[in-house]
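Enquirer: What follows is model.txt, compact mmCIF, C-alpha atoms.
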# COMPACT_ATOMS: atom_id res chain seq x y z
CA MET A 138 48.06 108.23 148.49
CA LYS A 139 50.21 107.86 145.37
CA GLU A 140 47.83 106.02 143.03
CA LEU A 141 46.63 109.22 141.37
CA HIS A 142 48.70 110.64 138.52
CA ILE A 143 48.84 114.34 137.63
CA LEU A 144 50.52 115.79 134.55
CA ILE A 145 51.94 119.31 134.96
CA ILE A 146 52.69 121.23 131.75
CA GLU A 147 54.48 124.43 132.76
CA ASP A 148 57.50 126.07 131.12
CA ASP A 149 58.56 128.02 134.21
CA GLU A 150 60.86 125.41 135.74
CA SER A 151 60.83 126.97 139.22
CA LEU A 152 57.03 127.08 139.33
CA ALA A 153 56.79 123.57 137.89
CA GLN A 154 59.08 122.27 140.63
CA SER A 155 56.92 123.98 143.26
CA LEU A 156 53.75 122.50 141.76
CA GLN A 157 55.34 119.07 141.68
CA LEU A 158 56.34 119.38 145.31
CA PHE A 159 52.95 120.15 146.83
CA LEU A 160 50.77 118.22 144.38
CA GLY A 161 53.07 115.30 145.12
CA GLU A 162 51.35 115.15 148.52
CA ILE A 163 48.23 113.71 146.87
CA ALA A 164 49.48 112.10 143.66
CA GLN A 165 52.38 111.00 141.53
CA THR A 166 53.38 113.84 139.23
CA THR A 167 54.97 114.12 135.82
CA VAL A 168 56.29 117.46 134.56
CA SER A 169 56.81 118.76 131.03
CA HIS A 170 58.22 122.20 130.20
CA ASP A 171 57.35 121.96 126.52
CA GLY A 172 53.96 122.15 124.81
CA PHE A 173 54.59 119.45 122.21
CA GLU A 174 56.04 117.01 124.74
CA GLY A 175 53.21 117.74 127.15
CA GLN A 176 50.62 117.07 124.48
CA MET A 177 52.25 113.75 123.66
CA LEU A 178 52.36 112.75 127.33
CA GLY A 179 48.66 113.52 127.67
CA GLU A 180 47.99 111.25 124.70
CA GLU A 181 49.17 108.30 126.80
CA GLY A 182 45.82 108.40 128.61
CA ILE A 183 47.29 107.48 131.99
CA TYR A 184 46.73 110.75 133.86
CA ASP A 185 43.85 111.51 136.20
CA LEU A 186 44.25 115.29 135.87
CA VAL A 187 46.34 117.83 133.97
CA VAL A 188 47.52 121.25 135.16
CA LEU A 189 48.06 123.16 131.92
CA ASP A 190 49.80 126.48 131.27
CA LEU A 191 48.72 128.39 128.16
CA MET A 192 51.89 130.17 127.06
CA LEU A 193 54.20 127.29 126.20
CA PRO A 194 57.03 126.74 123.70
CA GLN A 195 56.17 124.94 120.44
CA VAL A 196 52.46 124.35 121.11
CA ASN A 197 50.30 126.64 123.25
CA GLY A 198 47.89 125.37 125.86
CA TYR A 199 44.78 126.29 123.87
CA ASP A 200 45.91 124.15 120.93
CA ILE A 201 46.85 121.28 123.22
CA LEU A 202 43.44 121.32 124.87
CA LYS A 203 41.61 121.58 121.54
CA HIS A 204 43.58 118.62 120.18
CA TRP A 205 42.88 116.49 123.25
CA ARG A 206 39.16 117.18 123.26
CA THR A 207 38.30 117.18 119.56
CA GLU A 208 40.82 114.85 117.94
CA SER A 209 41.95 112.47 120.68
CA HIS A 210 38.65 112.58 122.60
CA LEU A 211 40.43 112.59 125.95
CA SER A 212 38.19 113.36 128.91
CA MET A 213 40.62 113.68 131.84
CA PRO A 214 40.04 116.87 133.90
CA VAL A 215 42.17 119.82 132.80
CA LEU A 216 42.87 122.80 135.03
CA ILE A 217 44.31 125.78 133.17
CA LEU A 218 46.89 127.67 135.25
CA THR A 219 47.98 130.85 133.50
CA ALA A 220 48.78 134.54 133.71
CA LYS A 221 46.18 135.25 131.00
CA ASP A 222 43.40 136.70 133.11
CA THR A 223 40.89 138.41 130.81
CA LEU A 224 37.29 137.23 130.58
CA ASP A 225 37.80 136.35 126.90
CA ASP A 226 40.76 134.15 127.84
CA LYS A 227 38.70 132.28 130.42
CA VAL A 228 35.69 131.88 128.15
CA HIS A 229 37.89 130.54 125.36
CA GLY A 230 39.52 128.05 127.74
CA PHE A 231 36.17 126.71 128.92
CA GLU A 232 34.82 126.59 125.36
CA LEU A 233 37.75 124.35 124.39
CA GLY A 234 36.98 121.95 127.24
CA ALA A 235 38.82 123.16 130.34
CA ASP A 236 37.29 121.99 133.62
CA ASP A 237 38.68 124.86 135.70
CA TYR A 238 40.72 128.02 135.19
CA LEU A 239 43.03 129.64 137.75
CA THR A 240 45.15 132.72 137.14
CA LYS A 241 48.66 133.46 138.36
CA PRO A 242 49.65 134.47 140.95
CA PHE A 243 47.62 132.03 142.99
CA HIS A 244 47.40 130.66 146.51
CA ARG A 245 48.70 127.14 146.91
CA GLU A 246 45.70 126.21 149.08
CA GLU A 247 43.25 127.31 146.39
CA LEU A 248 44.96 125.30 143.67
CA LEU A 249 45.05 122.22 145.87
CA MET A 250 41.35 122.67 146.73
CA ARG A 251 40.43 122.97 143.04
CA VAL A 252 42.52 119.96 142.07
CA LYS A 253 40.88 117.83 144.76
CA ALA A 254 37.43 119.05 143.70
CA LEU A 255 38.08 118.02 140.09
CA LEU A 256 39.40 114.62 141.17
CA LYS A 257 36.33 114.04 143.33
CA ARG A 258 33.98 115.16 140.56
CA SER A 259 35.61 112.74 138.13
CA GLY A 260 35.40 109.89 140.64
CA HIS A 261 39.15 109.56 141.18
CA LEU A 262 39.19 110.86 144.74
CA GLY A 263 36.60 109.94 147.33
CA ASN A 264 35.88 111.29 150.75
CA ASP A 265 38.60 110.48 153.28
CA ASN A 266 40.78 109.07 150.49
CA GLN A 267 38.40 106.16 150.03
CA MET A 268 37.06 104.57 146.87
CA VAL A 269 33.94 102.42 146.87
CA VAL A 270 32.94 100.29 143.89
CA GLU A 271 30.75 97.57 145.34
CA PRO A 272 31.77 95.11 146.61
CA PHE A 273 35.24 96.71 146.80
CA THR A 274 36.18 99.39 149.33
CA ILE A 275 39.68 100.82 148.92
CA ASP A 276 41.51 102.92 151.47
CA LEU A 277 44.08 104.85 149.46
CA SER A 278 45.89 106.12 152.54
CA ASN A 279 46.46 102.71 154.11
CA ARG A 280 46.54 100.87 150.77
CA THR A 281 44.02 98.27 151.88
CA VAL A 282 41.15 96.60 150.05
CA THR A 283 38.04 95.26 151.74
CA VAL A 284 35.61 93.07 149.86
CA ARG A 285 32.49 91.56 151.41
CA ASP A 286 33.72 92.30 154.94
CA GLN A 287 37.08 90.63 154.47
CA GLN A 288 40.43 92.08 153.53
CA LEU A 289 41.79 91.29 150.10
CA GLU A 290 45.54 90.81 150.41
CA LEU A 291 47.24 92.50 147.47
CA ASN A 292 50.89 93.39 147.02
CA GLY A 293 51.98 96.84 145.87
CA LYS A 294 51.52 96.57 142.09
CA GLU A 295 48.42 94.39 142.42
CA PHE A 296 46.87 97.10 144.58
CA ASP A 297 47.87 99.80 142.09
CA LEU A 298 46.43 97.76 139.24
CA LEU A 299 43.07 97.28 140.96
CA VAL A 300 42.89 101.01 141.77
CA TYR A 301 43.63 101.88 138.14
CA PHE A 302 40.81 99.62 136.96
CA LEU A 303 38.33 100.95 139.50
CA GLN A 304 39.21 104.52 138.52
CA ASN A 305 38.40 103.60 134.91
CA PRO A 306 35.49 101.12 135.03
CA ASP A 307 34.03 99.79 131.78
CA THR A 308 36.90 101.41 129.87
CA ILE A 309 39.40 99.69 127.60
CA ILE A 310 42.91 99.99 129.03
CA THR A 311 45.83 98.79 126.95
CA LYS A 312 48.76 96.80 128.24
CA GLU A 313 51.00 99.73 127.34
CA GLN A 314 48.92 102.13 129.41
CA ILE A 315 49.08 99.83 132.42
CA PHE A 316 52.84 99.44 132.07
CA ASP A 317 53.44 103.19 131.71
CA ARG A 318 51.14 103.92 134.64
CA LEU A 319 52.50 101.35 137.09
CA TRP A 320 56.14 100.96 136.09
CA GLY A 321 56.87 104.19 134.23
CA PHE A 322 58.06 105.09 130.75
CA GLU A 323 61.73 104.58 131.55
CA SER A 324 61.43 101.28 133.38
CA GLU A 325 63.73 98.50 132.17
CA THR A 326 61.20 95.89 133.23
CA ALA A 327 59.73 93.83 130.38
CA ILE A 328 56.15 94.70 129.46
CA SER A 329 55.20 91.03 129.92
CA VAL A 330 55.19 91.74 133.65
CA VAL A 331 51.69 93.20 133.14
CA GLU A 332 50.33 89.75 132.29
CA VAL A 333 51.87 88.28 135.43
CA TYR A 334 50.26 90.84 137.72
CA MET A 335 46.99 90.64 135.81
CA SER A 336 46.87 86.88 136.37
CA ASN A 337 47.65 87.26 140.08
CA LEU A 338 44.98 89.93 140.57
CA ARG A 339 42.34 87.89 138.76
CA LYS A 340 43.07 84.81 140.87
CA LYS A 341 42.85 86.74 144.14
CA ILE A 342 39.58 88.43 143.17
CA LYS A 343 38.12 85.09 142.03
CA THR A 344 39.17 83.37 145.26
CA ALA A 345 37.72 86.09 147.50
CA THR A 346 34.54 86.92 145.59
CA ASP A 347 33.94 84.24 142.93
CA LEU A 348 33.79 87.15 140.48
CA LYS A 349 35.65 87.56 137.17
CA PRO A 350 35.22 91.26 136.30
CA ILE A 351 38.50 91.72 134.36
CA LYS A 352 38.04 90.84 130.70
CA THR A 353 40.76 90.46 128.10
CA LEU A 354 40.04 92.03 124.72
CA ARG A 355 42.42 90.21 122.40
CA ASN A 356 44.97 92.48 120.72
CA VAL A 357 43.29 95.49 122.34
CA GLY A 358 43.66 95.45 126.12
CA TYR A 359 41.62 94.85 129.25
CA MET A 360 38.35 96.06 130.73
CA PHE A 361 36.97 95.99 134.27
CA GLU A 362 33.26 95.31 133.71
CA THR A 363 31.08 96.58 136.54
CA GLU A 364 28.08 94.56 135.37
CA GLU A 365 30.03 91.47 136.41
CA LEU A 366 29.97 92.72 140.01
CA ASP A 367 26.20 92.32 140.42
For this file, write the structure as structure tokens.

Expert:
Amino acid sequence: MKELHILIIEDDESLAQSLQLFLGEIAQTTVSHDGFEGQMLGEEGIYDLVVLDLMLPQVNGYDILKHWRTESHLSMPVLILTAKDTLDDKVHGFELGADDYLTKPFHREELLMRVKALLKRSGHLGNDNQMVVEPFTIDLSNRTVTVRDQQLELNGKEFDLLVYFLQNPDTIITKEQIFDRLWGFESETAISVVEVYMSNLRKKIKTATDLKPIKTLRNVGYMFETEELD
């Protein structure tokens, strides 16, 4: 199950590598060791969850979280992972918009449990790695899509694109966000590839369901409209 994306902002490189290793079992991960860089990465809006340290170089975690919530209006779940363990620290973190708060040292199993709970609460992770947005049922483990009792044959990026839309229904997603999410910031592929895969996905959905839920918002991006699924 690699369709989920987690951003880890942690300046301890050894700990960050460890986090990347075991969170990589449930998601793709991106790591930043710097507060300013981490804040900028979060601004991309392509992450399903962020694990955020508080004591970071350049910009601390509190300021990052405050900026995301009040200025950028980002709503992705944020789990604070820090050595700051006083009640005042925790209260301040939650007041700024944290979804969970875990202090170091921690048990790997507890962090994984909390991450999965936040992903489920936000609708990004279903029971048994399954997503259901009628009439679509997606098995993230086997990377299969079933619609109206028949399998929808999608290739790798088409599957990833549909999952991204269903994780963000009725939300404007820009072409740049799709490209960064599916191909990565450093990809040498031309961004026009997004239009190719968008066209293919639309045709396959239309053929299988006679539905056209993906709308193009000119000069803005795309939206998967759930009201079109009725």

Enquirer: Edge lengths and centre, in Å to one decimal, as AutoDock Vina command-line options: that's what I need for the box along x, y and z that holds all listed atoms of range 307-318 of chain A plus 4 Å on each side.

Expert:
--center_x 43.7 --center_y 100.4 --center_z 130.8 --size_x 27.4 --size_y 15.1 --size_z 15.7

Enquirer: Under the rule that all atoms listed in the file are counted, which of A:Ile342, A:Leu354, A:Leu277, A:Asp317 is the nearest residue to Val330 in chain A?

Expert: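 That would be A:Asp317, the residue with the smallest distance to Val330 in chain A.
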
Enquirer: Quick one: residues within 10 Å of range 236-251 of chain A, only C-alpha atoms, excluding same-chain residues fewer than 5 positions away - as a PyMOL selection string?

Expert: chain A and resi 155-156+159-160+162-163+186-190+212-223+226-228+230-231+256-257

Enquirer: Quick one: pull the distance between CA of Glu362 in chain A and CA of Thr308 in chain A, Å, one decimal.

Expert: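 Distance between the two atoms: 8.1 Å.
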
Enquirer: Tell me which of A:Ile310, A:Val284, A:Leu291, A:Leu303 sits closest to Asn337 in chain A, counting all atoms listed in the file.

Expert: A:Leu291

Enquirer: Do you have the CA of Phe316 in chain A-CA of Leu299 in chain A distance handy?

Expert: 13.4 Å

Enquirer: Between A:Tyr334, A:Phe361, A:Trp205, A:Tyr199, which residue has the minimum interatomic distance to Gln176 in chain A, considering all atoms listed in the file?

Expert: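 Among the listed residues, A:Trp205 lies closest to Gln176 in chain A.
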
Enquirer: Which polymer residues, whether protein, DNA or RNA, lie within 12 Å of the coordinate (48.6, 88.1, 149.7) when you count only C-alpha atoms? List them as a count of residues only, using the chain letters and numbers from the file.

Expert: 18

Enquirer: Quick one: of A:Asp297, A:Val333, A:Pro272, A:Gly234, who's nearest to Glu364 in chain A, counting all atoms listed in the file?

Expert: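 Answer, going by the shortest atom-to-atom distance: A:Pro272.
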
Enquirer: Nearest to Ile309 in chain A: which of A:Ala327, A:Ile183, A:Gln195, A:Asp225 is it, counting all atoms listed in the file?

Expert: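 Closest residue, counting all atoms listed in the file: A:Ile183.
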
Enquirer: Between A:Ile328, A:Val168, A:Glu147, A:Ser336, which has the minimum distance to Thr353 in chain A (counting only C-alpha atoms)?

Expert: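 Among A:Ile328, A:Val168, A:Glu147, A:Ser336, it is A:Ser336 that comes nearest to Thr353 in chain A.
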
Enquirer: Can you tell me how far CA of Tyr359 in chain A sits from CA of Thr311 in chain A, in Å to one decimal?

Expert: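 These atoms are spaced 6.2 Å apart.
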
Enquirer: Can you pull out every residue within 8 Å of Leu348 in chain A, counting all atoms listed in the file, but drop anything in the same chain fewer than 2 positions away, and send it as a ChimeraX atom specification?

Expert: /A:342-343,346,350,365-366

Enquirer: Any chance you could export the current selection's C-alpha atoms as a CSV table (one decimal), keeping the file's coordinate frame?

Expert:
chain,number,residue,atom,x,y,z
A,342,ILE,CA,39.6,88.4,143.2
A,343,LYS,CA,38.1,85.1,142.0
A,346,THR,CA,34.5,86.9,145.6
A,350,PRO,CA,35.2,91.3,136.3
A,365,GLU,CA,30.0,91.5,136.4
A,366,LEU,CA,30.0,92.7,140.0
